[in-house]
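Since the structure comes first, as structure tokens, the remarks are kept for the end.
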Amino acid sequence: MTSKSQLELLNSSHQSKVLKAAIFSRFVLFILSILWRTLLAPYDTSASLNPTCRRNPPLPSPLLPSLGSAIENGVIWDSVYFVRIAQCGYEYEQSYAFLPLLPACIFAFSRTVFAPLDTIIGYRAVLALSGYVVCNVAFIFTAMYFYRCCIVFLKGDRKSALEKLTN
């Protein structure tokens, strides 16, 4: 084997490790968030307040409302705004603080990939599930992208990498 093919094999091995670590971290975060939400009372108690959209009629009740509400319990802090924007659009002026790419992706996923779940768990839970999937897939792609950027920047040489980091 030439040194270049050995380096490519080493990079693909490291890339696989980065991918596994990113997926594992998402799994651990999911388990910790479920554990945290079941053991402790939520700090953000306004997240469960969900008035109907000003423009849209109320949605029908889902077949499994307990599963839907369990998923919706994860909608806290800024995710309340992202889900609300995906569901109702920009209704109030405080919504304009949030850029539209994530709500647009959440809306697209909820209308395509997760559309069959709409009648089972409810539309807001489908939006929350879509947001969770979009954010975690984006995290995994970002981890891979940063790894590749590091390889390009550091040119795969560990000695030069340490020298660049210490200088």
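FYI, nothing fancy with the structure tokens labels: chains A, B, ... in order, residues from 1 per chain, ligands from 1 as they appear.
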
Spatial neighbours of range 107-121 of chain A, max dist 7 Å, only C-alpha atoms, sep filter under 5 positions, as a PyMOL selection string = chain A and resi 62-65+67-68+86+126-127+130

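The two atoms in question, CA of Ile31 in chain A and CA of Arg148 in chain A, are spaced 28.3 Å apart.
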
Polymer residues at most 8 Å from Leu19 in chain A, only C-alpha atoms, same-chain spacing of 2 or more positions, as a PyMOL selection string = chain A and resi 15-17+21-23+140+143-144

Restricting the output to all heavy atoms, write the selected residues as a PDB file, in the first residue's frame.
```
ATOM      1  N   GLN A  15     -13.387   8.825  10.025  1.00  0.00           N
ATOM      2  CA  GLN A  15     -14.688   9.362   9.627  1.00  0.00           C
ATOM      3  C   GLN A  15     -15.807   8.463  10.154  1.00  0.00           C
ATOM      4  O   GLN A  15     -16.837   8.956  10.618  1.00  0.00           O
ATOM      5  CB  GLN A  15     -14.756   9.470   8.109  1.00  0.00           C
ATOM      6  CG  GLN A  15     -15.953  10.192   7.604  1.00  0.00           C
ATOM      7  CD  GLN A  15     -15.856  10.465   6.117  1.00  0.00           C
ATOM      8  OE1 GLN A  15     -14.798  10.446   5.519  1.00  0.00           O
ATOM      9  NE2 GLN A  15     -16.992  10.729   5.511  1.00  0.00           N
ATOM     10  N   SER A  16     -15.597   7.180  10.107  1.00  0.00           N
ATOM     11  CA  SER A  16     -16.572   6.239  10.657  1.00  0.00           C
ATOM     12  C   SER A  16     -16.719   6.424  12.163  1.00  0.00           C
ATOM     13  O   SER A  16     -17.830   6.369  12.699  1.00  0.00           O
ATOM     14  CB  SER A  16     -16.140   4.807  10.333  1.00  0.00           C
ATOM     15  OG  SER A  16     -16.972   3.882  10.959  1.00  0.00           O
ATOM     16  N   LYS A  17     -15.607   6.667  12.846  1.00  0.00           N
ATOM     17  CA  LYS A  17     -15.654   6.904  14.288  1.00  0.00           C
ATOM     18  C   LYS A  17     -16.410   8.197  14.613  1.00  0.00           C
ATOM     19  O   LYS A  17     -17.173   8.246  15.571  1.00  0.00           O
ATOM     20  CB  LYS A  17     -14.245   6.964  14.874  1.00  0.00           C
ATOM     21  CG  LYS A  17     -13.558   5.619  14.944  1.00  0.00           C
ATOM     22  CD  LYS A  17     -12.165   5.761  15.507  1.00  0.00           C
ATOM     23  CE  LYS A  17     -11.433   4.425  15.498  1.00  0.00           C
ATOM     24  NZ  LYS A  17     -10.065   4.552  15.992  1.00  0.00           N
ATOM     25  N   ALA A  21     -19.753   8.361  16.759  1.00  0.00           N
ATOM     26  CA  ALA A  21     -19.792   9.207  17.956  1.00  0.00           C
ATOM     27  C   ALA A  21     -20.926  10.222  17.881  1.00  0.00           C
ATOM     28  O   ALA A  21     -21.606  10.483  18.880  1.00  0.00           O
ATOM     29  CB  ALA A  21     -18.458   9.921  18.147  1.00  0.00           C
ATOM     30  N   ALA A  22     -21.154  10.788  16.705  1.00  0.00           N
ATOM     31  CA  ALA A  22     -22.243  11.764  16.538  1.00  0.00           C
ATOM     32  C   ALA A  22     -23.595  11.089  16.747  1.00  0.00           C
ATOM     33  O   ALA A  22     -24.465  11.632  17.445  1.00  0.00           O
ATOM     34  CB  ALA A  22     -22.168  12.409  15.156  1.00  0.00           C
ATOM     35  N   ILE A  23     -23.791   9.924  16.165  1.00  0.00           N
ATOM     36  CA  ILE A  23     -25.059   9.202  16.333  1.00  0.00           C
ATOM     37  C   ILE A  23     -25.235   8.770  17.784  1.00  0.00           C
ATOM     38  O   ILE A  23     -26.324   8.906  18.355  1.00  0.00           O
ATOM     39  CB  ILE A  23     -25.117   7.998  15.369  1.00  0.00           C
ATOM     40  CG1 ILE A  23     -25.220   8.496  13.932  1.00  0.00           C
ATOM     41  CG2 ILE A  23     -26.291   7.093  15.708  1.00  0.00           C
ATOM     42  CD1 ILE A  23     -25.070   7.412  12.886  1.00  0.00           C
ATOM     43  N   ILE A 140     -25.550  15.575  12.837  1.00  0.00           N
ATOM     44  CA  ILE A 140     -24.681  14.500  12.338  1.00  0.00           C
ATOM     45  C   ILE A 140     -23.950  14.952  11.079  1.00  0.00           C
ATOM     46  O   ILE A 140     -22.742  14.745  10.942  1.00  0.00           O
ATOM     47  CB  ILE A 140     -25.498  13.214  12.104  1.00  0.00           C
ATOM     48  CG1 ILE A 140     -25.967  12.665  13.454  1.00  0.00           C
ATOM     49  CG2 ILE A 140     -24.695  12.174  11.343  1.00  0.00           C
ATOM     50  CD1 ILE A 140     -27.007  11.577  13.362  1.00  0.00           C
ATOM     51  N   ALA A 143     -21.227  17.412  12.105  1.00  0.00           N
ATOM     52  CA  ALA A 143     -20.059  16.747  12.684  1.00  0.00           C
ATOM     53  C   ALA A 143     -19.165  16.173  11.581  1.00  0.00           C
ATOM     54  O   ALA A 143     -17.940  16.311  11.631  1.00  0.00           O
ATOM     55  CB  ALA A 143     -20.499  15.638  13.642  1.00  0.00           C
ATOM     56  N   MET A 144     -19.795  15.559  10.578  1.00  0.00           N
ATOM     57  CA  MET A 144     -19.013  15.014   9.460  1.00  0.00           C
ATOM     58  C   MET A 144     -18.346  16.130   8.665  1.00  0.00           C
ATOM     59  O   MET A 144     -17.191  16.004   8.248  1.00  0.00           O
ATOM     60  CB  MET A 144     -19.916  14.177   8.542  1.00  0.00           C
ATOM     61  CG  MET A 144     -20.533  12.974   9.218  1.00  0.00           C
ATOM     62  SD  MET A 144     -19.328  11.859   9.947  1.00  0.00           S
ATOM     63  CE  MET A 144     -18.464  11.332   8.514  1.00  0.00           C
TER      64      MET A 144
END
```

Distance CA of Gly89 in chain A-CA of Gly74 in chain A, one decimal place?
-> 20.4 Å

Compile the contact shell of Ser33 in chain A as a PyMOL selection string: residues with an atom at most 12 Å away, counting only C-alpha atoms, same-chain residues fewer than 2 positions apart removed.
-> chain A and resi 26-31+35-40+42+70-71+73-76+132

Selected residues written out, N, CA and C atoms, as an mmCIF file, in the first residue's frame:
```
data_model
loop_
_atom_site.group_PDB
_atom_site.id
_atom_site.type_symbol
_atom_site.label_atom_id
_atom_site.label_comp_id
_atom_site.auth_asym_id
_atom_site.auth_seq_id
_atom_site.Cartn_x
_atom_site.Cartn_y
_atom_site.Cartn_z
ATOM 1 N N ARG A 26 -26.288 11.679 19.968
ATOM 2 C CA ARG A 26 -27.710 12.001 19.787
ATOM 3 C C ARG A 26 -28.594 11.022 20.556
ATOM 4 N N PHE A 27 -28.217 9.750 20.540
ATOM 5 C CA PHE A 27 -28.969 8.729 21.276
ATOM 6 C C PHE A 27 -28.895 8.993 22.780
ATOM 7 N N VAL A 28 -27.712 9.297 23.280
ATOM 8 C CA VAL A 28 -27.542 9.585 24.701
ATOM 9 C C VAL A 28 -28.331 10.842 25.081
ATOM 10 N N LEU A 29 -28.295 11.858 24.253
ATOM 11 C CA LEU A 29 -29.049 13.081 24.524
ATOM 12 C C LEU A 29 -30.547 12.804 24.559
ATOM 13 N N PHE A 30 -31.023 11.967 23.670
ATOM 14 C CA PHE A 30 -32.440 11.594 23.649
ATOM 15 C C PHE A 30 -32.832 10.878 24.941
ATOM 16 N N ILE A 31 -32.018 9.917 25.359
ATOM 17 C CA ILE A 31 -32.296 9.176 26.596
ATOM 18 C C ILE A 31 -32.255 10.120 27.804
ATOM 19 N N LEU A 35 -35.282 10.999 30.354
ATOM 20 C CA LEU A 35 -35.083 10.793 31.786
ATOM 21 C C LEU A 35 -35.298 12.087 32.565
ATOM 22 N N TRP A 36 -34.761 13.164 32.072
ATOM 23 C CA TRP A 36 -34.875 14.461 32.724
ATOM 24 C C TRP A 36 -36.331 14.910 32.801
ATOM 25 N N ARG A 37 -37.068 14.736 31.689
ATOM 26 C CA ARG A 37 -38.460 15.183 31.646
ATOM 27 C C ARG A 37 -39.376 14.326 32.520
ATOM 28 N N THR A 38 -39.000 13.065 32.749
ATOM 29 C CA THR A 38 -39.854 12.213 33.588
ATOM 30 C C THR A 38 -39.536 12.361 35.073
ATOM 31 N N LEU A 39 -38.290 12.642 35.419
ATOM 32 C CA LEU A 39 -37.917 12.721 36.826
ATOM 33 C C LEU A 39 -38.156 14.091 37.454
ATOM 34 N N LEU A 40 -38.009 15.138 36.674
ATOM 35 C CA LEU A 40 -38.089 16.487 37.224
ATOM 36 C C LEU A 40 -39.234 17.273 36.596
ATOM 37 N N PRO A 42 -40.869 20.336 34.761
ATOM 38 C CA PRO A 42 -40.294 21.247 33.771
ATOM 39 C C PRO A 42 -40.196 22.678 34.297
ATOM 40 N N ALA A 70 -46.886 13.293 24.965
ATOM 41 C CA ALA A 70 -45.530 12.952 25.427
ATOM 42 C C ALA A 70 -44.481 13.547 24.494
ATOM 43 N N ILE A 71 -44.742 13.514 23.205
ATOM 44 C CA ILE A 71 -43.812 14.121 22.244
ATOM 45 C C ILE A 71 -43.830 15.639 22.391
ATOM 46 N N ASN A 73 -44.321 17.325 24.997
ATOM 47 C CA ASN A 73 -43.650 17.754 26.224
ATOM 48 C C ASN A 73 -42.202 18.141 25.978
ATOM 49 N N GLY A 74 -41.615 17.674 24.890
ATOM 50 C CA GLY A 74 -40.250 18.050 24.547
ATOM 51 C C GLY A 74 -40.146 19.393 23.865
ATOM 52 N N VAL A 75 -41.278 19.991 23.551
ATOM 53 C CA VAL A 75 -41.287 21.302 22.900
ATOM 54 C C VAL A 75 -41.198 22.365 23.992
ATOM 55 N N ILE A 76 -39.989 22.860 24.200
ATOM 56 C CA ILE A 76 -39.741 23.866 25.227
ATOM 57 C C ILE A 76 -38.812 24.935 24.680
ATOM 58 N N TYR A 132 -37.285 17.510 15.745
ATOM 59 C CA TYR A 132 -36.266 16.700 16.413
ATOM 60 C C TYR A 132 -35.407 15.963 15.387
#
```

Would you mind listing what lies within 10 Å of Tyr81 in chain A as a PyMOL selection string, with only C-alpha atoms counted and same-chain residues fewer than 4 positions away left out?
-> chain A and resi 47+75-77+85-87+89-90+94-98+103

Put those residues in a file: all heavy atoms, as a compact mmCIF listing (two decimals), in the first residue's frame.
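Listing of result_1.txt after writing:
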```txt
# COMPACT_ATOMS: atom_id res chain seq x y z
N ALA A 47 -44.79 26.09 27.89
CA ALA A 47 -44.66 25.34 26.64
C ALA A 47 -45.92 24.56 26.32
O ALA A 47 -46.23 24.33 25.15
CB ALA A 47 -43.46 24.40 26.70
N VAL A 75 -41.28 19.99 23.55
CA VAL A 75 -41.29 21.30 22.90
C VAL A 75 -41.20 22.36 23.99
O VAL A 75 -42.19 22.71 24.63
CB VAL A 75 -42.57 21.50 22.05
CG1 VAL A 75 -42.57 22.87 21.40
CG2 VAL A 75 -42.67 20.42 21.01
N ILE A 76 -39.99 22.86 24.20
CA ILE A 76 -39.74 23.87 25.23
C ILE A 76 -38.81 24.93 24.68
O ILE A 76 -38.19 24.75 23.64
CB ILE A 76 -39.15 23.25 26.51
CG1 ILE A 76 -37.90 22.44 26.18
CG2 ILE A 76 -40.17 22.37 27.21
CD1 ILE A 76 -37.15 21.95 27.40
N TRP A 77 -38.72 26.03 25.39
CA TRP A 77 -37.85 27.15 25.06
C TRP A 77 -38.06 27.63 23.63
O TRP A 77 -39.18 27.89 23.24
CB TRP A 77 -36.38 26.80 25.35
CG TRP A 77 -36.15 26.46 26.79
CD1 TRP A 77 -36.01 25.20 27.31
CD2 TRP A 77 -36.07 27.34 27.90
NE1 TRP A 77 -35.85 25.26 28.67
CE2 TRP A 77 -35.88 26.56 29.06
CE3 TRP A 77 -36.15 28.71 28.04
CZ2 TRP A 77 -35.76 27.13 30.32
CZ3 TRP A 77 -36.02 29.26 29.29
CH2 TRP A 77 -35.84 28.48 30.41
N ILE A 85 -44.17 28.59 14.38
CA ILE A 85 -43.97 29.20 13.06
C ILE A 85 -44.24 28.16 11.97
O ILE A 85 -44.87 28.48 10.95
CB ILE A 85 -42.55 29.78 12.93
CG1 ILE A 85 -42.38 30.98 13.86
CG2 ILE A 85 -42.25 30.19 11.50
CD1 ILE A 85 -40.94 31.41 14.05
N ALA A 86 -43.79 26.93 12.17
CA ALA A 86 -44.05 25.89 11.18
C ALA A 86 -45.54 25.59 11.09
O ALA A 86 -46.06 25.27 10.01
CB ALA A 86 -43.28 24.62 11.54
N GLN A 87 -46.25 25.70 12.19
CA GLN A 87 -47.67 25.38 12.22
C GLN A 87 -48.53 26.54 11.71
O GLN A 87 -49.44 26.33 10.91
CB GLN A 87 -48.10 25.03 13.65
CG GLN A 87 -49.54 24.64 13.78
CD GLN A 87 -49.90 24.27 15.22
OE1 GLN A 87 -49.08 24.42 16.13
NE2 GLN A 87 -51.09 23.79 15.42
N GLY A 89 -47.23 29.92 10.81
CA GLY A 89 -46.56 31.02 10.13
C GLY A 89 -46.15 32.08 11.13
O GLY A 89 -46.27 31.91 12.33
N TYR A 90 -45.69 33.20 10.61
CA TYR A 90 -45.26 34.31 11.47
C TYR A 90 -46.50 35.11 11.87
O TYR A 90 -46.98 35.94 11.12
CB TYR A 90 -44.24 35.19 10.74
CG TYR A 90 -42.90 34.54 10.60
CD1 TYR A 90 -42.56 33.80 9.48
CD2 TYR A 90 -41.97 34.66 11.61
CE1 TYR A 90 -41.32 33.20 9.37
CE2 TYR A 90 -40.71 34.07 11.51
CZ TYR A 90 -40.41 33.34 10.39
OH TYR A 90 -39.19 32.74 10.27
N GLN A 94 -42.83 38.87 17.83
CA GLN A 94 -41.70 38.19 18.47
C GLN A 94 -41.27 36.96 17.67
O GLN A 94 -40.16 36.49 17.82
CB GLN A 94 -42.00 37.81 19.92
CG GLN A 94 -43.00 36.71 20.10
CD GLN A 94 -44.38 37.22 20.44
OE1 GLN A 94 -44.73 38.33 20.09
NE2 GLN A 94 -45.16 36.41 21.11
N SER A 95 -42.12 36.47 16.78
CA SER A 95 -41.75 35.33 15.94
C SER A 95 -40.69 35.69 14.91
O SER A 95 -39.97 34.83 14.43
CB SER A 95 -42.98 34.79 15.20
OG SER A 95 -43.95 34.36 16.10
N TYR A 96 -40.61 36.97 14.57
CA TYR A 96 -39.67 37.40 13.54
C TYR A 96 -38.22 37.31 14.00
O TYR A 96 -37.30 37.49 13.20
CB TYR A 96 -39.99 38.81 13.06
CG TYR A 96 -41.27 38.85 12.25
CD1 TYR A 96 -42.44 39.34 12.80
CD2 TYR A 96 -41.29 38.36 10.96
CE1 TYR A 96 -43.62 39.35 12.07
CE2 TYR A 96 -42.46 38.36 10.22
CZ TYR A 96 -43.61 38.86 10.78
OH TYR A 96 -44.78 38.86 10.06
N ALA A 97 -37.99 37.02 15.26
CA ALA A 97 -36.62 36.83 15.75
C ALA A 97 -36.04 35.50 15.29
O ALA A 97 -34.84 35.30 15.37
CB ALA A 97 -36.60 36.90 17.28
N PHE A 98 -36.88 34.60 14.77
CA PHE A 98 -36.46 33.26 14.37
C PHE A 98 -36.46 33.15 12.85
O PHE A 98 -37.48 33.41 12.20
CB PHE A 98 -37.38 32.21 15.00
CG PHE A 98 -37.39 32.28 16.49
CD1 PHE A 98 -38.36 33.00 17.17
CD2 PHE A 98 -36.40 31.65 17.22
CE1 PHE A 98 -38.35 33.09 18.54
CE2 PHE A 98 -36.38 31.72 18.60
CZ PHE A 98 -37.35 32.44 19.27
N PRO A 103 -38.08 26.27 10.58
CA PRO A 103 -39.52 26.03 10.47
C PRO A 103 -39.95 25.52 9.09
O PRO A 103 -40.86 24.70 9.00
CB PRO A 103 -40.14 27.40 10.76
CG PRO A 103 -39.13 28.11 11.57
CD PRO A 103 -37.80 27.63 11.06
```

List every residue of range 3-167 of chain A that DSSP, applied to the backbone of this structure, places in alpha helix (DSSP H), and write the result as a ChimeraX atom specification.
-> /A:3-39,65-72,78-88,101-111,118-121,123-154,158-166

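Of the listed residues (A:Tyr92, A:Phe141, A:Tyr43, A:Phe153), A:Phe141 comes nearest to Lys20 in chain A; the distances count only C-alpha atoms.
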
Using only C-alpha atoms, which of A:Pro51, A:Asp78, A:Glu93, A:Cys105 sits nearest Val137 in chain A?
-> A:Cys105

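CA of Ser79 in chain A is found 15.8 Å from CA of Phe139 in chain A.
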